[in-house]
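Quick notes on the structure that follows.
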Amino acid sequence: MSDFDTNTVKRLHEMTGASLADCEQALVQCNGDMEKARESLRTRGLVVAAEVSAKVVMQLREATGAPMMDCKQALKETGGNMEKAREWLRKKGTQIAAKAAGREVKEGKFFSYVHHNGKLAVLAEIVCETDFVAMNEQFLAFGKGVCFTIAASNPPVVYLGREQVDPDAIAKEREIVLAQTMMTMKGKPQAVVDKAVEGRMEKFFAEKCLMETAYVDPTGQGGGQSVEQKRAELVSKIGENIKVRRFVRMDLGG
């Protein structure tokens, strides 16, 4: 018998569908490393994708908000690996959003936010395909989050996306960033310098462009996604094209 408790073995069994005995053996061989144990089972052909439990599917659904059938398929495709299943769902969401991008958007809503001190206000227009989706709770929450994101941005976001940024402004910023990087990374290979410059330019766009900045989730549950990633995720869940069309932020005296 191993020193691993029953719950740990059962958890691996739920994730992979492999037998309890095989799960216990894999954990022993991998010194309790769950990821290595899953990989060991996959390599040995012991992962039974069809046996992904409803409990694990529900855990993935709660973590991502994706439909149950998509969660089940993601777990099947990734051998029960929760993190890889989440990545699978993100990629699928991006594909769905890309397909929906060309569809016409005639409905939507204006969303607004006024800070408690009355010195900051935000107005955003977010559009979709049907008035039914315009009343959807997830759509409404996204609109609220976009307003929160604009209000919280510091320095304030100015553009919707990088395609709106003045090319001259980009060229000037790149020139400044290159000069700073050459100074701080003197003697480093050019490839390293170039990579650092690109990283700093990405930060520039994330600060200036709403769709690339970090999304502020009004529920406090999300994190780590850009506004664009959140939008694409919402499109994959709802199945309609959704766009942030325009926004304005007003600071008192600004």
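We label chains A, B, ... in the order they appear in the structure tokens, count residues from 1 in each chain, and number ligands from 1 in the order shown.
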
Sorted per-residue table, segment 76-144 of chain A near segment 211-218 of chain A, closest atoms and distance, 8 Å, only C-alpha atoms, as CSV:
```
residue,atom,partner,partner_atom,distance
A:Ala141,CA,A:Pro218,CA,7.0
A:Phe142,CA,A:Asp217,CA,7.8
A:Lys144,CA,A:Pro218,CA,6.8
```

Wanna dump the segment 109-162 of chain A-segment 233-238 of chain A contacts at 8 Å for me, each residue with its shortest atom pair and the distance in Å to one decimal, counting only C-alpha atoms, ordered by chain and number, as a Markdown table?
```
| residue | atom | partner | partner_atom | distance |
| --- | --- | --- | --- | --- |
| A:Val133 | CA | A:Ile238 | CA | 7.8 |
| A:Gln138 | CA | A:Leu234 | CA | 7.5 |
| A:Phe139 | CA | A:Leu234 | CA | 7.5 |
```

Keeping only C-alpha atoms, take the residues you just selected and write them out as a compact mmCIF listing (two decimals), in the first residue's frame.
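Produced file out20.txt, reproduced below:
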```
# COMPACT_ATOMS: atom_id res chain seq x y z
CA VAL A 133 -28.47 39.01 -26.28
CA GLN A 138 -23.41 37.91 -19.13
CA PHE A 139 -23.55 40.60 -21.81
```

TODO: Name all residues at most 9 Å from Leu27 of chain A (count only C-alpha atoms; drop same-chain ones fewer than 6 positions away) and give them as a PyMOL selection string.
DONE: chain A and resi 2+4+8-9+12+33-34+36-38

Can I get the selection written as a PDB file, in the first residue's frame, with N, CA and C atoms?
```pdb
ATOM      1  N   SER A   2       0.400   2.297  -0.624  1.00  0.00           N
ATOM      2  CA  SER A   2       1.140   3.551  -0.680  1.00  0.00           C
ATOM      3  C   SER A   2       0.732   4.453   0.473  1.00  0.00           C
ATOM      4  N   PHE A   4      -0.323   7.481  -0.098  1.00  0.00           N
ATOM      5  CA  PHE A   4      -1.240   8.480  -0.631  1.00  0.00           C
ATOM      6  C   PHE A   4      -2.649   8.220  -0.119  1.00  0.00           C
ATOM      7  N   THR A   8      -6.709  11.532  -2.852  1.00  0.00           N
ATOM      8  CA  THR A   8      -5.757  11.869  -3.907  1.00  0.00           C
ATOM      9  C   THR A   8      -5.847  10.867  -5.055  1.00  0.00           C
ATOM     10  N   VAL A   9      -5.923   9.604  -4.704  1.00  0.00           N
ATOM     11  CA  VAL A   9      -6.038   8.558  -5.725  1.00  0.00           C
ATOM     12  C   VAL A   9      -7.353   8.714  -6.487  1.00  0.00           C
ATOM     13  N   LEU A  12      -7.255  11.575  -9.039  1.00  0.00           N
ATOM     14  CA  LEU A  12      -6.568  11.212 -10.273  1.00  0.00           C
ATOM     15  C   LEU A  12      -7.455  10.291 -11.112  1.00  0.00           C
ATOM     16  N   ASP A  33       3.468  13.574  -7.708  1.00  0.00           N
ATOM     17  CA  ASP A  33       3.285  14.673  -8.655  1.00  0.00           C
ATOM     18  C   ASP A  33       2.085  14.349  -9.545  1.00  0.00           C
ATOM     19  N   MET A  34       0.981  15.084  -9.382  1.00  0.00           N
ATOM     20  CA  MET A  34      -0.253  14.781 -10.086  1.00  0.00           C
ATOM     21  C   MET A  34      -0.099  14.898 -11.602  1.00  0.00           C
ATOM     22  N   LYS A  36       2.676  14.652 -13.453  1.00  0.00           N
ATOM     23  CA  LYS A  36       3.515  13.576 -13.970  1.00  0.00           C
ATOM     24  C   LYS A  36       2.775  12.245 -13.936  1.00  0.00           C
ATOM     25  N   ALA A  37       1.959  12.059 -12.917  1.00  0.00           N
ATOM     26  CA  ALA A  37       1.178  10.825 -12.824  1.00  0.00           C
ATOM     27  C   ALA A  37       0.176  10.732 -13.966  1.00  0.00           C
ATOM     28  N   ARG A  38      -0.489  11.867 -14.298  1.00  0.00           N
ATOM     29  CA  ARG A  38      -1.427  11.894 -15.429  1.00  0.00           C
ATOM     30  C   ARG A  38      -0.703  11.581 -16.730  1.00  0.00           C
TER      31      ARG A  38
END
```

Open item on the list: Taking the DSSP secondary structure from the backbone, can you list the residues of segment 1-248 of chain A that are alpha helix (DSSP H), as a PyMOL selection string?
Closed with: chain A and resi 6-16+20-29+34-43+54-64+68-77+82-100+131-134+137-152+167-184+190-208+227-238

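Compared by their closest atoms to Phe148 of chain A, and using only C-alpha atoms, the residues A:Thr6, A:Gln180, A:Ser112, A:Gln225 rank with A:Ser112 nearest.
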
TODO: Quick one: everything within 10 Å of segment 159-172 of chain A, counting only C-alpha atoms, minus sequence neighbours fewer than 3 positions away in the same chain. Send it as a ChimeraX atom specification.
DONE: /A:156,175-178,201-202,204-213,228,244-248

Write a file of the just-selected residues containing C-alpha atoms, as a PDB file, in the first residue's frame.
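Dumped everything to out-v7.pdb:
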```pdb
ATOM      1  CA  PRO A 156      -6.154  56.216 -18.844  1.00  0.00           C
ATOM      2  CA  GLU A 175      12.441  55.074 -30.921  1.00  0.00           C
ATOM      3  CA  ILE A 176      12.342  56.054 -27.247  1.00  0.00           C
ATOM      4  CA  VAL A 177      12.017  52.446 -26.075  1.00  0.00           C
ATOM      5  CA  LEU A 178      14.903  51.332 -28.295  1.00  0.00           C
ATOM      6  CA  MET A 201       5.981  47.973 -26.959  1.00  0.00           C
ATOM      7  CA  GLU A 202       3.378  45.370 -25.986  1.00  0.00           C
ATOM      8  CA  PHE A 204       2.716  50.395 -24.354  1.00  0.00           C
ATOM      9  CA  PHE A 205      -0.255  49.037 -26.315  1.00  0.00           C
ATOM     10  CA  ALA A 206      -1.710  47.417 -23.188  1.00  0.00           C
ATOM     11  CA  GLU A 207      -1.662  50.796 -21.443  1.00  0.00           C
ATOM     12  CA  LYS A 208      -3.042  52.789 -24.368  1.00  0.00           C
ATOM     13  CA  CYS A 209      -5.571  50.385 -25.931  1.00  0.00           C
ATOM     14  CA  LEU A 210      -8.745  49.299 -24.165  1.00  0.00           C
ATOM     15  CA  MET A 211      -9.012  45.899 -25.849  1.00  0.00           C
ATOM     16  CA  GLU A 212      -5.481  44.972 -24.770  1.00  0.00           C
ATOM     17  CA  THR A 213      -5.642  46.173 -21.190  1.00  0.00           C
ATOM     18  CA  GLU A 228     -10.406  41.277 -25.964  1.00  0.00           C
ATOM     19  CA  VAL A 244     -16.949  47.226 -28.120  1.00  0.00           C
ATOM     20  CA  ARG A 245     -17.654  49.950 -30.659  1.00  0.00           C
ATOM     21  CA  ARG A 246     -16.520  53.120 -28.875  1.00  0.00           C
ATOM     22  CA  PHE A 247     -16.016  54.681 -25.471  1.00  0.00           C
ATOM     23  CA  VAL A 248     -15.314  57.960 -23.765  1.00  0.00           C
TER      24      VAL A 248
END
```

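Atom CA of Lys55 of chain A to atom CA of Arg231 of chain A spans 27.5 Å [interatomic distance, one decimal].
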
Task: Option closest in space to Ala26 of chain A, from A:Glu14, A:Ser40, A:Phe111, A:Gly253 [counting only C-alpha atoms] - done: A:Ser40

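Atom CA of Glu129 of chain A is positioned 5.5 Å from atom CA of Glu107 of chain A.
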
- [ ] Counting only C-alpha atoms, figure out which residue out of A:Leu89, A:Met58, A:Met82, A:Leu252 gets nearest to Thr16 of chain A.
- [x] A:Met82

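The interatomic distance for the pair atom CA of Lys109 of chain A and atom CA of Ile126 of chain A works out to 5.7 Å.
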
Task: segment 112-196 of chain A: residues DSSP assigns to strand (DSSP E or B), reported as a ChimeraX atom specification - done: /A:112-114,120-128,159

Export N, CA and C atoms of the chosen residues as an mmCIF file, in the first residue's frame?
```
data_model
loop_
_atom_site.group_PDB
_atom_site.id
_atom_site.type_symbol
_atom_site.label_atom_id
_atom_site.label_comp_id
_atom_site.auth_asym_id
_atom_site.auth_seq_id
_atom_site.Cartn_x
_atom_site.Cartn_y
_atom_site.Cartn_z
ATOM 1 N N SER A 112 -22.719 52.878 -18.686
ATOM 2 C CA SER A 112 -22.111 54.067 -18.072
ATOM 3 C C SER A 112 -21.646 53.776 -16.656
ATOM 4 N N TYR A 113 -20.718 54.596 -16.205
ATOM 5 C CA TYR A 113 -20.221 54.503 -14.830
ATOM 6 C C TYR A 113 -19.815 55.901 -14.383
ATOM 7 N N VAL A 114 -20.233 56.276 -13.192
ATOM 8 C CA VAL A 114 -19.817 57.543 -12.584
ATOM 9 C C VAL A 114 -19.195 57.209 -11.231
ATOM 10 N N LEU A 120 -15.322 61.467 -12.144
ATOM 11 C CA LEU A 120 -14.920 60.594 -13.237
ATOM 12 C C LEU A 120 -16.159 59.898 -13.797
ATOM 13 N N ALA A 121 -16.313 59.938 -15.122
ATOM 14 C CA ALA A 121 -17.463 59.284 -15.761
ATOM 15 C C ALA A 121 -17.000 58.538 -17.007
ATOM 16 N N VAL A 122 -17.682 57.436 -17.288
ATOM 17 C CA VAL A 122 -17.349 56.600 -18.445
ATOM 18 C C VAL A 122 -18.626 56.262 -19.199
ATOM 19 N N LEU A 123 -18.549 56.286 -20.523
ATOM 20 C CA LEU A 123 -19.658 55.856 -21.369
ATOM 21 C C LEU A 123 -19.079 54.929 -22.445
ATOM 22 N N ALA A 124 -19.700 53.752 -22.597
ATOM 23 C CA ALA A 124 -19.207 52.790 -23.577
ATOM 24 C C ALA A 124 -20.366 52.219 -24.385
ATOM 25 N N GLU A 125 -20.158 52.064 -25.695
ATOM 26 C CA GLU A 125 -21.153 51.454 -26.557
ATOM 27 C C GLU A 125 -20.682 50.044 -26.911
ATOM 28 N N ILE A 126 -21.511 49.047 -26.573
ATOM 29 C CA ILE A 126 -21.190 47.652 -26.859
ATOM 30 C C ILE A 126 -22.342 47.058 -27.653
ATOM 31 N N VAL A 127 -22.023 46.455 -28.789
ATOM 32 C CA VAL A 127 -23.054 46.004 -29.713
ATOM 33 C C VAL A 127 -23.027 44.486 -29.896
ATOM 34 N N CYS A 128 -24.187 43.961 -30.335
ATOM 35 C CA CYS A 128 -24.347 42.532 -30.568
ATOM 36 C C CYS A 128 -25.308 42.341 -31.735
ATOM 37 N N TYR A 159 -7.202 54.631 -26.755
ATOM 38 C CA TYR A 159 -7.667 54.050 -28.014
ATOM 39 C C TYR A 159 -8.451 52.764 -27.757
#
```

Leaving out Gly80 of chain A and any residue of its chain fewer than 4 positions from it, which residues lie within 12 Å of it when counting only C-alpha atoms, given as a JSON list (two decimals) with C-alpha atoms, in the first residue's frame?
```
[["chain", "number", "residue", "atom", "x", "y", "z"],
["A", 11, "ARG", "CA", -9.04, 12.62, -7.75],
["A", 12, "LEU", "CA", -6.57, 11.21, -10.27],
["A", 13, "HIS", "CA", -9.10, 8.50, -11.15],
["A", 14, "GLU", "CA", -11.80, 11.15, -11.77],
["A", 15, "MET", "CA", -9.46, 13.18, -13.98],
["A", 16, "THR", "CA", -8.26, 10.28, -16.12],
["A", 17, "GLY", "CA", -10.76, 7.43, -15.89],
["A", 18, "ALA", "CA", -7.87, 5.04, -15.15],
["A", 34, "MET", "CA", -0.25, 14.78, -10.09],
["A", 35, "GLU", "CA", 0.75, 16.13, -13.51],
["A", 37, "ALA", "CA", 1.18, 10.82, -12.82],
["A", 38, "ARG", "CA", -1.43, 11.89, -15.43],
["A", 39, "GLU", "CA", 1.26, 11.94, -18.12],
["A", 41, "LEU", "CA", -1.07, 7.12, -17.36],
["A", 42, "ARG", "CA", -1.51, 8.76, -20.76],
["A", 46, "LEU", "CA", -4.53, 3.97, -19.38],
["A", 47, "VAL", "CA", -6.45, 7.24, -19.65],
["A", 48, "VAL", "CA", -10.07, 6.49, -20.45],
["A", 49, "ALA", "CA", -11.34, 9.80, -21.86],
["A", 50, "ALA", "CA", -14.94, 8.66, -22.02],
["A", 51, "GLU", "CA", -14.96, 8.11, -18.30],
["A", 52, "VAL", "CA", -14.43, 11.74, -17.35],
["A", 53, "SER", "CA", -16.74, 12.19, -14.39],
["A", 54, "ALA", "CA", -19.60, 14.65, -14.18],
["A", 55, "LYS", "CA", -17.94, 16.11, -11.08],
["A", 56, "VAL", "CA", -14.79, 17.06, -13.00],
["A", 57, "VAL", "CA", -16.84, 18.42, -15.90],
["A", 59, "GLN", "CA", -15.48, 21.83, -11.89],
["A", 60, "LEU", "CA", -14.28, 22.91, -15.32],
["A", 71, "CYS", "CA", -16.19, 21.15, -20.97],
["A", 72, "LYS", "CA", -16.72, 17.42, -21.35],
["A", 73, "GLN", "CA", -15.19, 17.45, -24.84],
["A", 74, "ALA", "CA", -12.22, 19.50, -23.63],
["A", 75, "LEU", "CA", -11.51, 17.00, -20.86],
["A", 76, "LYS", "CA", -11.79, 14.12, -23.30],
["A", 84, "LYS", "CA", -4.93, 21.80, -20.77],
["A", 85, "ALA", "CA", -8.73, 21.56, -20.95],
["A", 86, "ARG", "CA", -8.98, 25.24, -20.04],
["A", 88, "TRP", "CA", -8.47, 23.93, -25.24]]
```

Task: Nearest to Gln229 of chain A by atom-to-atom distance, counting only C-alpha atoms, from A:Lys203, A:Asn136, A:Ala152, A:Lys91 - done: A:Lys91
